[in-house]
Amino acid sequence: MIKKIFILIVATVLMAALPANAKKPGQKVGLEFPELSYDFGTVNGGEGKYVVHEFTFDNTGDGAVAIISAIASCGCTRPEYTRKPVVPGKTGKVKVTFNTAGQKGEINKDIKLRLRAANGKSEQVTLRISGVVVPPAND
């Protein structure tokens, strides 16, 4: 009898400790990305040579969601993104430009997006580009 009461008390305390609006694992603030990574394969590098990829996302939530910031893991990678909040049912974009100058071999670059929903919830999403840069013949 005491063991059952103890288990009941522990279960009650644990349930009370969980926030009422806790997100389920994997639940997003409302943006769905069809792809989180892109491999551009093998490209010839060099001054003035760029690789560009555009990630898209859909707002599948019930409120507007904004990208607050997009930070690349290095200066050779430049993200541009939809600046206005994206309302439910609409699509936004993150365009990533990678400068191959000074790069060679296998590369993996991350772009960390900070998202905020109209209801105040926020989260971070990481996009990744990868590939192999072949240096120019004179290097």
# chains A, B, ... in the order shown; residues from 1 in each chain; ligands from 1
call {"tool": "closest_atom_pairs", "arguments": {"of": "stretch 22-108 of chain A", "to": "stretch 113-137 of chain A", "cutoff": "8 Å", "atoms": "only C-alpha atoms", "output": "CSV"}}
result
residue,atom,partner,partner_atom,distance
A:Lys28,CA,A:Glu123,CA,7.6
A:Val29,CA,A:Ala117,CA,5.9
A:Gly30,CA,A:Ala117,CA,7.4
A:Leu36,CA,A:Leu127,CA,4.8
A:Ser37,CA,A:Arg128,CA,4.5
A:Tyr38,CA,A:Ile129,CA,4.9
A:Asp39,CA,A:Ser130,CA,4.7
A:Phe40,CA,A:Gly131,CA,5.2
A:Gly41,CA,A:Gly131,CA,4.7
A:Thr42,CA,A:Val132,CA,4.6
A:Val43,CA,A:Val133,CA,5.2
A:Asn44,CA,A:Val134,CA,4.8
A:Gly45,CA,A:Pro135,CA,4.9
A:Gly46,CA,A:Pro136,CA,5.7
A:Gly63,CA,A:Ala118,CA,5.8
A:Ala64,CA,A:Ala118,CA,5.4
A:Val65,CA,A:Ala117,CA,4.2
A:Ala66,CA,A:Arg116,CA,5.4
A:Ile67,CA,A:Leu115,CA,4.6
A:Ile68,CA,A:Arg114,CA,5.4
A:Ser69,CA,A:Arg114,CA,5.3
A:Ala70,CA,A:Leu113,CA,4.5
A:Ile71,CA,A:Leu113,CA,6.6
A:Thr100,CA,A:Val133,CA,6.9
A:Gln103,CA,A:Val133,CA,6.4
A:Lys104,CA,A:Val133,CA,4.7
A:Gly105,CA,A:Val133,CA,5.0
A:Glu106,CA,A:Val132,CA,4.3
A:Ile107,CA,A:Ser130,CA,5.3
A:Asn108,CA,A:Ser130,CA,4.4
call {"tool": "select_by_dssp", "arguments": {"residues": "stretch 44-107 of chain A", "states": "strand (DSSP E or B)", "output": "ChimeraX atom specification"}}
result
/A:44,50-59,65-72,77-81,86,91-99,105-107
call {"tool": "atom_distance", "arguments": {"atom1": "atom CA of A:Cys76", "atom2": "atom CA of A:Glu54"}}
result
16.2 Å
call {"tool": "atom_distance", "arguments": {"atom1": "atom CA of A:Gly61", "atom2": "atom CA of A:Arg78"}}
result
27.6 Å
call {"tool": "atom_distance", "arguments": {"atom1": "atom CA of A:Thr77", "atom2": "atom CA of A:Thr60"}}
result
28.0 Å
